[in-house]
Every structure is written in structure tokens, then in C-alpha cells.
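Colleague: Compact mmCIF, C-alpha atoms, file query.txt:
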```
# COMPACT_ATOMS: atom_id res chain seq x y z
CA MET A 1 15.02 -28.51 37.61
CA LYS A 2 17.96 -28.78 35.21
CA ARG A 3 21.39 -28.59 36.82
CA ILE A 4 24.04 -27.16 34.51
CA LEU A 5 27.81 -27.06 34.97
CA ILE A 6 29.67 -24.55 32.80
CA THR A 7 33.35 -25.33 32.30
CA GLY A 8 35.48 -22.24 31.88
CA ALA A 9 35.22 -19.54 34.55
CA ASN A 10 34.90 -15.90 33.46
CA SER A 11 34.43 -16.69 29.77
CA TYR A 12 32.27 -14.21 27.87
CA VAL A 13 29.90 -16.84 26.48
CA GLY A 14 29.73 -18.90 29.66
CA THR A 15 29.07 -15.90 31.90
CA SER A 16 26.42 -14.54 29.52
CA VAL A 17 24.55 -17.86 29.33
CA GLU A 18 24.77 -18.30 33.10
CA THR A 19 23.27 -14.83 33.68
CA TYR A 20 20.51 -15.55 31.20
CA LEU A 21 19.51 -18.90 32.69
CA ARG A 22 19.43 -17.50 36.21
CA GLN A 23 16.30 -15.58 35.26
CA TRP A 24 14.50 -18.88 35.97
CA PRO A 25 15.88 -20.05 39.35
CA ASP A 26 13.06 -22.59 39.69
CA LYS A 27 14.00 -24.23 36.36
CA TYR A 28 17.80 -23.96 36.13
CA TYR A 29 20.64 -24.25 38.59
CA VAL A 30 23.92 -23.07 37.09
CA GLU A 31 27.44 -23.49 38.42
CA THR A 32 30.75 -22.56 36.80
CA ILE A 33 34.08 -24.30 37.28
CA ASP A 34 37.61 -23.11 36.48
CA MET A 35 39.54 -25.47 34.21
CA ILE A 36 42.99 -23.90 34.49
CA ASP A 37 44.60 -25.52 37.55
CA GLY A 38 43.31 -29.06 37.08
CA SER A 39 41.33 -29.14 40.33
CA TRP A 40 38.19 -29.76 38.27
CA ARG A 41 39.27 -33.39 37.94
CA ASN A 42 38.42 -33.88 41.61
CA LYS A 43 34.92 -32.45 41.33
CA ASP A 44 31.95 -34.81 41.29
CA PHE A 45 29.87 -34.13 38.15
CA SER A 46 27.18 -36.64 39.07
CA SER A 47 24.73 -34.05 40.43
CA PHE A 48 24.56 -32.26 37.07
CA ASP A 49 22.28 -32.99 34.12
CA VAL A 50 24.32 -30.97 31.63
CA VAL A 51 27.95 -29.99 31.16
CA TYR A 52 28.32 -26.94 28.91
CA HIS A 53 31.95 -26.85 27.79
CA VAL A 54 33.13 -23.38 26.78
CA ALA A 55 36.74 -23.61 27.99
CA GLY A 56 39.19 -23.19 25.14
CA ILE A 57 41.75 -21.00 23.43
CA ALA A 58 40.43 -18.62 20.81
CA HIS A 59 42.36 -17.94 17.61
CA SER A 60 44.35 -14.72 17.98
CA ASP A 61 47.30 -15.39 15.68
CA ASN A 62 47.46 -13.74 12.28
CA GLY A 63 50.76 -15.20 11.12
CA LYS A 64 52.73 -18.39 11.52
CA ILE A 65 52.57 -19.76 15.05
CA SER A 66 55.18 -21.63 17.04
CA LYS A 67 55.11 -25.39 17.54
CA GLU A 68 54.60 -24.72 21.24
CA LYS A 69 51.49 -22.62 20.60
CA GLU A 70 50.20 -25.24 18.15
CA ARG A 71 50.54 -27.94 20.81
CA LEU A 72 48.66 -25.69 23.24
CA TYR A 73 45.70 -25.43 20.85
CA TYR A 74 45.39 -29.20 20.69
CA SER A 75 46.04 -29.64 24.41
CA VAL A 76 43.27 -27.24 25.42
CA ASN A 77 40.76 -27.28 22.56
CA THR A 78 40.96 -31.01 21.84
CA ASP A 79 42.45 -33.02 24.70
CA LEU A 80 40.87 -31.04 27.54
CA THR A 81 37.47 -31.16 25.83
CA VAL A 82 37.52 -34.92 25.36
CA GLU A 83 38.87 -35.54 28.85
CA THR A 84 36.10 -33.40 30.34
CA ALA A 85 33.48 -35.26 28.33
CA LYS A 86 34.85 -38.64 29.43
CA LYS A 87 34.61 -37.57 33.07
CA ALA A 88 31.09 -36.23 32.54
CA LYS A 89 30.01 -39.52 31.00
CA ALA A 90 31.67 -41.60 33.73
CA ASP A 91 29.95 -39.48 36.40
CA GLY A 92 26.54 -40.03 34.83
CA VAL A 93 25.92 -36.65 33.17
CA LYS A 94 23.24 -37.03 30.48
CA GLN A 95 24.15 -34.19 28.07
CA PHE A 96 27.44 -32.60 26.98
CA ILE A 97 27.27 -29.37 24.97
CA PHE A 98 30.40 -28.25 23.16
CA MET A 99 31.11 -24.81 21.73
CA SER A 100 32.81 -25.50 18.43
CA SER A 101 32.99 -22.81 15.74
CA ALA A 102 32.42 -21.92 12.11
CA ILE A 103 36.21 -21.96 11.90
CA VAL A 104 35.96 -25.71 11.21
CA TYR A 105 34.97 -24.70 7.64
CA GLY A 106 38.13 -22.69 7.08
CA ASN A 107 38.73 -18.99 6.58
CA SER A 108 36.42 -16.44 5.01
CA ALA A 109 36.31 -16.31 1.23
CA PRO A 110 38.28 -13.43 -0.34
CA ILE A 111 36.56 -10.15 -1.16
CA GLY A 112 34.19 -10.63 -4.05
CA LYS A 113 33.88 -14.40 -3.68
CA LYS A 114 30.91 -16.00 -1.97
CA LYS A 115 31.22 -18.67 0.71
CA LEU A 116 27.85 -20.17 1.61
CA ILE A 117 28.01 -23.13 3.98
CA THR A 118 25.26 -25.75 3.86
CA LYS A 119 24.61 -28.89 5.87
CA ASP A 120 26.45 -30.81 3.14
CA THR A 121 29.60 -28.68 3.37
CA SER A 122 32.54 -30.70 4.66
CA VAL A 123 34.77 -29.37 7.39
CA SER A 124 37.99 -27.95 6.01
CA PRO A 125 40.06 -26.25 8.73
CA ALA A 126 42.66 -23.80 7.50
CA ASN A 127 44.83 -23.82 10.61
CA CYS A 128 45.56 -25.70 13.82
CA TYR A 129 42.91 -23.73 15.70
CA GLY A 130 40.19 -24.95 13.36
CA ASP A 131 41.62 -28.46 13.29
CA SER A 132 41.76 -28.58 17.10
CA LYS A 133 37.99 -27.97 17.12
CA VAL A 134 37.43 -30.63 14.46
CA GLN A 135 39.47 -33.18 16.40
CA ALA A 136 37.50 -32.36 19.55
CA GLU A 137 34.24 -32.99 17.69
CA ILE A 138 35.54 -36.35 16.43
CA GLY A 139 36.52 -37.38 19.95
CA LEU A 140 33.16 -36.31 21.38
CA ASN A 141 31.15 -38.15 18.77
CA LYS A 142 32.90 -41.37 19.75
CA LEU A 143 31.55 -40.92 23.29
CA GLY A 144 27.96 -40.11 22.40
CA ASP A 145 25.21 -42.66 22.91
CA SER A 146 21.59 -42.87 24.08
CA ASN A 147 22.62 -42.21 27.67
CA PHE A 148 25.18 -39.51 26.90
CA LYS A 149 23.92 -36.96 24.41
CA VAL A 150 26.60 -34.94 22.66
CA CYS A 151 25.41 -31.57 21.34
CA ILE A 152 27.85 -29.59 19.16
CA LEU A 153 27.33 -25.93 18.28
CA ARG A 154 29.19 -24.33 15.37
CA PRO A 155 28.30 -20.65 15.77
CA PRO A 156 29.58 -17.87 13.52
CA MET A 157 31.08 -14.73 15.08
CA ILE A 158 29.47 -14.09 18.46
CA TYR A 159 29.07 -10.50 19.57
CA GLY A 160 27.46 -8.38 22.25
CA LYS A 161 28.29 -5.88 24.96
CA GLY A 162 31.75 -6.66 26.30
CA SER A 163 32.51 -9.30 23.68
CA LYS A 164 36.01 -10.03 22.42
CA GLY A 165 37.47 -10.87 19.04
CA ASN A 166 36.65 -9.03 15.81
CA PHE A 167 33.59 -7.11 17.00
CA PRO A 168 35.49 -4.68 19.28
CA VAL A 169 37.74 -3.86 16.31
CA LEU A 170 34.68 -2.79 14.30
CA GLU A 171 33.54 -0.75 17.30
CA LYS A 172 36.85 1.12 17.31
CA PHE A 173 36.44 1.95 13.62
CA ALA A 174 32.90 3.16 14.28
CA MET A 175 34.01 5.43 17.11
CA LYS A 176 37.03 6.98 15.42
CA LEU A 177 36.39 7.24 11.68
CA LYS A 178 34.23 9.63 9.69
CA PHE A 179 34.58 7.64 6.48
CA PHE A 180 34.68 3.90 5.92
CA PRO A 181 35.05 1.85 2.72
CA TYR A 182 31.91 0.16 1.44
CA VAL A 183 32.45 -3.44 0.42
CA LYS A 184 29.65 -5.76 -0.62
CA ASN A 185 29.94 -8.85 1.55
CA GLU A 186 27.77 -11.26 3.50
CA ARG A 187 28.48 -12.72 6.91
CA SER A 188 26.61 -14.80 9.44
CA MET A 189 26.77 -13.53 13.01
CA LEU A 190 25.16 -14.47 16.31
CA TYR A 191 24.13 -12.03 19.02
CA ILE A 192 24.90 -13.30 22.53
CA GLY A 193 21.26 -12.89 23.59
CA ASN A 194 20.12 -15.12 20.73
CA LEU A 195 22.81 -17.67 21.58
CA ALA A 196 21.70 -17.73 25.23
CA GLU A 197 18.12 -18.54 24.25
CA PHE A 198 19.33 -21.18 21.80
CA MET A 199 21.38 -22.74 24.59
CA ARG A 200 18.32 -22.78 26.86
CA LEU A 201 16.40 -24.68 24.19
CA MET A 202 19.23 -27.17 23.68
CA ILE A 203 19.17 -27.91 27.42
CA GLU A 204 15.40 -27.91 27.75
CA ASN A 205 14.92 -30.27 24.81
CA GLU A 206 17.94 -32.46 25.64
CA GLU A 207 19.27 -32.14 22.10
CA CYS A 208 22.13 -34.02 20.50
CA GLY A 209 23.84 -33.62 17.14
CA VAL A 210 25.35 -30.63 15.33
CA PHE A 211 23.66 -27.20 15.26
CA TRP A 212 24.40 -23.94 13.44
CA PRO A 213 22.68 -21.06 15.27
CA GLN A 214 22.82 -17.60 13.69
CA ASN A 215 20.93 -14.32 13.57
CA ALA A 216 17.88 -14.12 11.35
CA GLU A 217 19.66 -11.56 9.14
CA TYR A 218 23.03 -11.64 7.43
CA SER A 219 25.46 -8.82 8.15
CA ASN A 220 27.49 -6.55 5.91
CA THR A 221 30.74 -5.33 7.49
CA SER A 222 30.50 -1.76 6.18
CA GLU A 223 26.87 -1.33 7.17
CA LEU A 224 27.62 -2.89 10.54
CA VAL A 225 30.24 -0.22 11.28
CA ARG A 226 27.79 2.48 10.22
CA GLU A 227 25.05 1.10 12.50
CA ILE A 228 27.41 0.83 15.46
CA ALA A 229 28.36 4.46 14.95
CA ALA A 230 24.69 5.44 14.70
CA ALA A 231 24.01 3.74 18.05
CA HIS A 232 26.45 6.26 19.55
CA GLY A 233 24.98 9.23 17.71
CA ARG A 234 27.82 9.35 15.19
CA LYS A 235 27.58 9.44 11.42
CA ILE A 236 29.93 7.52 9.15
CA VAL A 237 29.90 8.00 5.41
CA LEU A 238 30.42 4.79 3.45
CA VAL A 239 32.69 5.41 0.50
CA HIS A 240 32.44 3.25 -2.64
CA GLY A 241 35.30 2.48 -4.98
CA PHE A 242 37.92 1.10 -2.58
CA THR A 243 37.31 -2.59 -3.20
CA TRP A 244 40.25 -2.84 -5.61
CA LEU A 245 42.60 -1.37 -3.01
CA LEU A 246 41.41 -3.74 -0.30
CA LYS A 247 41.84 -6.68 -2.68
CA LEU A 248 45.43 -5.55 -3.25
CA MET A 249 46.04 -5.20 0.49
CA SER A 250 44.61 -8.68 1.09
CA ARG A 251 47.63 -10.13 -0.71
CA PHE A 252 49.82 -8.91 2.15
CA THR A 253 47.61 -9.47 5.19
CA GLY A 254 44.84 -11.89 6.09
CA LEU A 255 43.13 -9.23 8.19
CA VAL A 256 41.44 -7.71 5.13
CA ASN A 257 39.56 -10.86 4.15
CA LYS A 258 38.89 -11.57 7.82
CA ALA A 259 37.01 -8.28 8.00
CA PHE A 260 35.56 -7.90 4.50
CA GLY A 261 35.46 -11.47 3.20
CA ASN A 262 32.37 -13.64 2.88
CA LEU A 263 31.29 -16.45 5.17
CA SER A 264 27.64 -17.28 5.73
CA TYR A 265 25.47 -20.20 6.72
CA ASP A 266 22.53 -21.14 4.55
CA LYS A 267 19.58 -19.88 6.58
CA SER A 268 17.69 -23.16 6.35
CA MET A 269 20.36 -24.99 8.38
CA SER A 270 19.87 -22.63 11.33
CA ILE A 271 16.10 -23.03 11.65
CA TYR A 272 15.06 -24.69 14.91
CA ARG A 273 11.65 -26.01 15.89
CA GLU A 274 11.36 -23.20 18.44
CA GLY A 275 12.31 -19.62 17.76
CA TYR A 276 15.49 -18.36 19.38
CA THR A 277 16.30 -15.13 17.51
CA LEU A 278 14.79 -12.87 20.14
CA TYR A 279 16.68 -9.84 18.84
CA SER A 280 16.96 -8.43 15.34
CA LEU A 281 20.33 -7.21 14.09
CA ASN A 282 19.48 -3.56 14.78
CA GLU A 283 18.09 -4.35 18.23
CA SER A 284 21.18 -6.36 19.12
CA LEU A 285 23.52 -3.56 18.06
CA GLU A 286 21.63 -1.06 20.18
CA LEU A 287 21.93 -3.37 23.19
CA ALA A 288 25.59 -4.09 22.50
CA GLU A 289 26.42 -0.39 22.41
CA LYS A 290 24.48 0.72 25.51
```
Could you write out this structure as C-alpha cells?
Modeller:
Amino acid sequence: MKRILITGANSYVGTSVETYLRQWPDKYYVETIDMIDGSWRNKDFSSFDVVYHVAGIAHSDNGKISKEKERLYYSVNTDLTVETAKKAKADGVKQFIFMSSAIVYGNSAPIGKKKLITKDTSVSPANCYGDSKVQAEIGLNKLGDSNFKVCILRPPMIYGKGSKGNFPVLEKFAMKLKFFPYVKNERSMLYIGNLAEFMRLMIENEECGVFWPQNAEYSNTSELVREIAAAHGRKIVLVHGFTWLLKLMSRFTGLVNKAFGNLSYDKSMSIYREGYTLYSLNESLELAEK
């Protein structure tokens, strides 16, 4: 039996993976610990085979942030991560899995410009949130060895029923609008059910290194909104010819490129020796909107 400790109570990803793994009580024991009050430092990690670190602060700032908030990003996303890993290693844990992010490669490319990330693409964070993840990865890699396997995941946007971030914004558009602009773009995404299976394989196979899980299909923002609406029995008409206006608006707000820009992983870098994309894009949207 694999014993897994998830750091970060009540997180969307952590809770989803925990629920998934508990389908096999004879194979996986899962426990979650809160990282907020510091009491985790007194917990003995030695009974666990794996620490899955999901605790962190997500990027929710669209403009310039304060120095205080910037320090918080590094304190939580970098320092807390490395400190947790050091404790895990000292206590004899064999594998540490860290949830990094595609944000380490910077922001989405502007509308009309392609951004395809390959295994050779260098990290290039555009803000302190992305850099805090990069610095955490650097610190973790210094700790990794044959007895302490460090596994880093750089997923694209994660979505599913009850998810946070950009996906709920698209859901609101789908539920309220009758028309939506069509923009040709390409984005990598990862359904929570596919991530959960990928996580199971990382644990089962005791993996180390950097991984880039994603859905089997790329997504288009406009078509995504239309499919979400369809899952609720609504019809949205996609209207062509507004790309020029959105490009103009993107000069004044980063939200436009965040929604309609391009950011995708080369599909070859996401192939794993065992299949993990249990759900197609359409299947995942139906499940997310139930």
C-alpha cells in the first residue's frame, strides 16, 4: 500500500486527487494536512511514501501588485514548498510531488500569435507568481537524489466541476450570453479527472523529473464557451469579425489575451508510457457541467 500525504487542506486539486485515490482503499491511504497555522512542522512524515504538495497561492492579480503581496508569493510558493520538501526528506519520505504550473513559461501569446511550448523551451516567468514557482523548482531539484525522488508537474489550466480560476468565468459567459466572439486560438488544458489518473501513475511508478500532463485535444476558447452552453441546453452563436476589436482592447487589459491568447504544449511532451487521458474534451465538459 502507498501512503500519501497531501499538503494543503481543502484545495480543489488536492481534494479531487484524494477522492479519486480512495477508490482503491487496499492500494492507497491518503491523508491531508493544513499548512496555514504551522502545526504541520510537528507532524511526523516518516509513515508516508509520498508527499503531494499542492499548497500555494494562485495568481489572481491583473495589475501591479504590492511589495507585500509579492513577498507573500515567494514565502508560500517558494519557501514553504522547499521547507516542506526538506522535512519530507529528513523524515524519510521517498517521493515529493510538486504542483508547478505552465505559468513558468510566461503569459499567453497575444491574439493571432502562436505560443507552442516544447521540452526545449526555457522557463521565462512574466511575474512574481511564475518566478515563485520557478524558484521552488530550483530549490526542490537541489534536494532530489536516488533516495528522494522529486517529481514536478507543470500542468496547463486545470478545470472541472467546482474548479476555480478562468474556467468559471467562461461558464458565466456560457450561461448568460446568446452571442460570443469567435477567435481562432489554441490552448492546452487539463481536466481534473485526467490529472487525478496522471497523479496515480506518478505515485504508482515512483516517478521523478518534470512532466507536462494535458488533455489529448487542444481547446479553442470560443468553441469551449459554446460547448459549455450546449451542456446546459443553451445555444450560443459564435460571431466572426471581432478579432480586430479584441486586439485593440488587449492594449488596455491583459484579460483579453488571458482568455483568447495562445498557449499550448507540444503534444509529444505530454505522452506517458501509460494512458491517463480517461476523458475526452467533450466528455469532461459534460461532467464538469453536471
Colleague: Would you mind telling me which residue in A:Lys43, A:Lys64, A:Lys89, A:Ala259 lies nearest to A:Gly165 when using all atoms listed in the file?
Modeller: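 Using all atoms listed in the file, the shortest distance to A:Gly165 belongs to A:Ala259.
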Colleague: Of the candidates A:Tyr276, A:Trp212, A:Phe98, A:Tyr74, which shows the shortest atom-to-atom distance to A:Ser132, using only C-alpha atoms?
Modeller: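 Answer, going by the shortest atom-to-atom distance: A:Tyr74.
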Colleague: Find, counting only C-alpha atoms, the residue in A:Lys115, A:Lys149, A:Lys184, A:Lys142 that gets nearest to A:Phe242.
Modeller: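 Of A:Lys115, A:Lys149, A:Lys184, A:Lys142, the one nearest A:Phe242, counting only C-alpha atoms, is A:Lys184.
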Colleague: Using all atoms listed in the file, which protein or nucleic acid residues come within 9 Å of A:Lys161? Drop anything in the same chain fewer than 4 positions from it, and give the result as a PDB file with C-alpha atoms, keeping the file's coordinate frame.
Modeller:
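To be explicit, this is the file written out as around-v6.pdb:
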```
ATOM      1  CA  ILE A 192      24.900 -13.300  22.530  1.00  0.00           C
ATOM      2  CA  LEU A 285      23.520  -3.560  18.060  1.00  0.00           C
ATOM      3  CA  LEU A 287      21.930  -3.370  23.190  1.00  0.00           C
ATOM      4  CA  ALA A 288      25.590  -4.090  22.500  1.00  0.00           C
ATOM      5  CA  GLU A 289      26.420  -0.390  22.410  1.00  0.00           C
ATOM      6  CA  LYS A 290      24.480   0.720  25.510  1.00  0.00           C
TER       7      LYS A 290
END
```
Colleague: From the list A:Arg41, A:Arg251, A:Lys113, A:Lys133, which residue is nearest A:Lys87 when using only C-alpha atoms?
Modeller: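 Residue with the minimum atom-to-atom distance to A:Lys87: A:Arg41.
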Colleague: So the first atom is atom CA of A:Tyr73 and the second is atom CA of A:Tyr159; what is the distance between them in Å, to one decimal place?
Modeller: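 Computing the Euclidean distance for atom CA of A:Tyr73 and atom CA of A:Tyr159 yields 22.4 Å.
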Colleague: Tell me which protein, DNA and RNA residues are within 10 Å of A:Asp145, counting only C-alpha atoms, leaving out same-chain ones fewer than 4 positions away, and put them as a PyMOL selection string.
Modeller: chain A and resi 89+94-95+141+149-150+208
Colleague: Calculated over all atoms listed in the file, which of the candidates A:Lys67, A:Arg200, A:Lys176, A:Lys258 has the smallest distance to A:Gln23?
Modeller: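 With all atoms listed in the file as the atom set, the closest residue is A:Arg200.
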Colleague: Taking into account all atoms listed in the file, which residue in the set A:Gly130, A:Gly261, A:Gly92, A:Gly193 is nearest to A:Ser163?
Modeller: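 Of the candidates, the smallest distance to A:Ser163 is held by A:Gly193.
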Colleague: For A:Arg71, work out the shell of residues within 12 Å, counting only C-alpha atoms and skipping chain neighbours fewer than 6 positions away, then give it as a short mmCIF file (atom, residue, chain, number, x, y, z; two decimals) with C-alpha atoms, keeping the file's coordinate frame.
Modeller:
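File produced: out.cif:
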```
data_model
loop_
_atom_site.label_atom_id
_atom_site.label_comp_id
_atom_site.auth_asym_id
_atom_site.auth_seq_id
_atom_site.Cartn_x
_atom_site.Cartn_y
_atom_site.Cartn_z
CA ILE A 57 41.75 -21.00 23.43
CA ILE A 65 52.57 -19.76 15.05
CA ASN A 77 40.76 -27.28 22.56
CA THR A 78 40.96 -31.01 21.84
CA ASP A 79 42.45 -33.02 24.70
CA CYS A 128 45.56 -25.70 13.82
CA TYR A 129 42.91 -23.73 15.70
CA ASP A 131 41.62 -28.46 13.29
CA SER A 132 41.76 -28.58 17.10
#
```
Colleague: Please indicate the distance in Å from atom CA of A:Met157 to atom CA of A:Ser188, rounded to one decimal place.
Modeller: 7.2 Å
Colleague: Residues around (18.2, -31.8, 22.6), cut-off 12 Å, counting only C-alpha atoms - what are they as a PyMOL selection string?
Modeller: chain A and resi 50+94-97+146+148-153+198-211+272-274
Colleague: What lies within 8 Å of A:His240 using only C-alpha atoms, ignoring chain neighbours under 5 positions off, as an MDAnalysis selection string?
Modeller: chainID A and resid 181:183
Colleague: Using the file's own x, y and z axes, so that the box edges lie along x, y and z, what centre and edge lengths in Å (one decimal) does a box around every listed atom of stretch 156-161 of chain A get when 8 Å is added on each side? Give it as AutoDock Vina command-line options.
Modeller:
```
--center_x 29.3 --center_y -11.9 --center_z 19.2 --size_x 19.6 --size_y 28.0 --size_z 27.4
```
Colleague: For a test of reading the model, state the distance in Å between atom CA of A:Asn262 and atom CA of A:Glu186, rounded to one decimal.
Modeller: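 One can read the atom CA of A:Asn262 to atom CA of A:Glu186 distance as 5.2 Å.
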Colleague: Got a minute to add N, CA and C atoms to stretch 5-32 of chain A and dump it as a short mmCIF file (atom, residue, chain, number, x, y, z; two decimals), in the frame of the given file?
Modeller:
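Printed below is result17.cif as written:
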```
data_model
loop_
_atom_site.label_atom_id
_atom_site.label_comp_id
_atom_site.auth_asym_id
_atom_site.auth_seq_id
_atom_site.Cartn_x
_atom_site.Cartn_y
_atom_site.Cartn_z
N LEU A 5 26.44 -27.42 34.60
CA LEU A 5 27.81 -27.06 34.97
C LEU A 5 28.49 -26.46 33.75
N ILE A 6 28.96 -25.22 33.89
CA ILE A 6 29.67 -24.55 32.80
C ILE A 6 31.16 -24.63 33.07
N THR A 7 31.90 -25.20 32.14
CA THR A 7 33.35 -25.33 32.30
C THR A 7 34.05 -24.17 31.63
N GLY A 8 34.78 -23.40 32.42
CA GLY A 8 35.48 -22.24 31.88
C GLY A 8 35.03 -20.98 32.60
N ALA A 9 35.63 -20.70 33.76
CA ALA A 9 35.22 -19.54 34.55
C ALA A 9 35.57 -18.25 33.84
N ASN A 10 34.69 -17.27 33.97
CA ASN A 10 34.90 -15.90 33.46
C ASN A 10 34.93 -15.79 31.94
N SER A 11 34.50 -16.82 31.22
CA SER A 11 34.43 -16.69 29.77
C SER A 11 33.23 -15.82 29.40
N TYR A 12 33.35 -15.11 28.29
CA TYR A 12 32.27 -14.21 27.87
C TYR A 12 30.99 -14.97 27.60
N VAL A 13 31.09 -16.06 26.83
CA VAL A 13 29.90 -16.84 26.48
C VAL A 13 29.33 -17.53 27.72
N GLY A 14 30.20 -18.18 28.49
CA GLY A 14 29.73 -18.90 29.66
C GLY A 14 29.04 -18.00 30.67
N THR A 15 29.64 -16.85 30.95
CA THR A 15 29.07 -15.90 31.90
C THR A 15 27.73 -15.36 31.39
N SER A 16 27.65 -15.08 30.10
CA SER A 16 26.42 -14.54 29.52
C SER A 16 25.28 -15.56 29.59
N VAL A 17 25.57 -16.81 29.27
CA VAL A 17 24.55 -17.86 29.33
C VAL A 17 24.12 -18.11 30.78
N GLU A 18 25.08 -18.11 31.68
CA GLU A 18 24.77 -18.30 33.10
C GLU A 18 23.83 -17.21 33.59
N THR A 19 24.13 -15.95 33.28
CA THR A 19 23.27 -14.83 33.68
C THR A 19 21.88 -14.97 33.11
N TYR A 20 21.80 -15.39 31.87
CA TYR A 20 20.51 -15.55 31.20
C TYR A 20 19.66 -16.63 31.87
N LEU A 21 20.26 -17.78 32.12
CA LEU A 21 19.51 -18.90 32.69
C LEU A 21 19.07 -18.63 34.12
N ARG A 22 19.78 -17.79 34.82
CA ARG A 22 19.43 -17.50 36.21
C ARG A 22 18.18 -16.63 36.35
N GLN A 23 17.61 -16.26 35.22
CA GLN A 23 16.30 -15.58 35.26
C GLN A 23 15.20 -16.55 35.71
N TRP A 24 15.48 -17.86 35.60
CA TRP A 24 14.50 -18.88 35.97
C TRP A 24 15.10 -19.79 37.05
N PRO A 25 15.24 -19.27 38.28
CA PRO A 25 15.88 -20.05 39.35
C PRO A 25 15.12 -21.32 39.72
N ASP A 26 13.83 -21.38 39.39
CA ASP A 26 13.06 -22.59 39.69
C ASP A 26 13.24 -23.66 38.62
N LYS A 27 13.84 -23.28 37.47
CA LYS A 27 14.00 -24.23 36.36
C LYS A 27 15.46 -24.62 36.12
N TYR A 28 16.39 -23.70 36.44
CA TYR A 28 17.80 -23.96 36.13
C TYR A 28 18.70 -23.59 37.31
N TYR A 29 19.56 -24.53 37.66
CA TYR A 29 20.64 -24.25 38.59
C TYR A 29 21.93 -24.26 37.79
N VAL A 30 22.71 -23.19 37.90
CA VAL A 30 23.92 -23.07 37.09
C VAL A 30 25.14 -22.87 37.99
N GLU A 31 26.18 -23.61 37.70
CA GLU A 31 27.44 -23.49 38.42
C GLU A 31 28.57 -23.44 37.40
N THR A 32 29.60 -22.68 37.70
CA THR A 32 30.75 -22.56 36.80
C THR A 32 32.00 -23.10 37.49
#
```
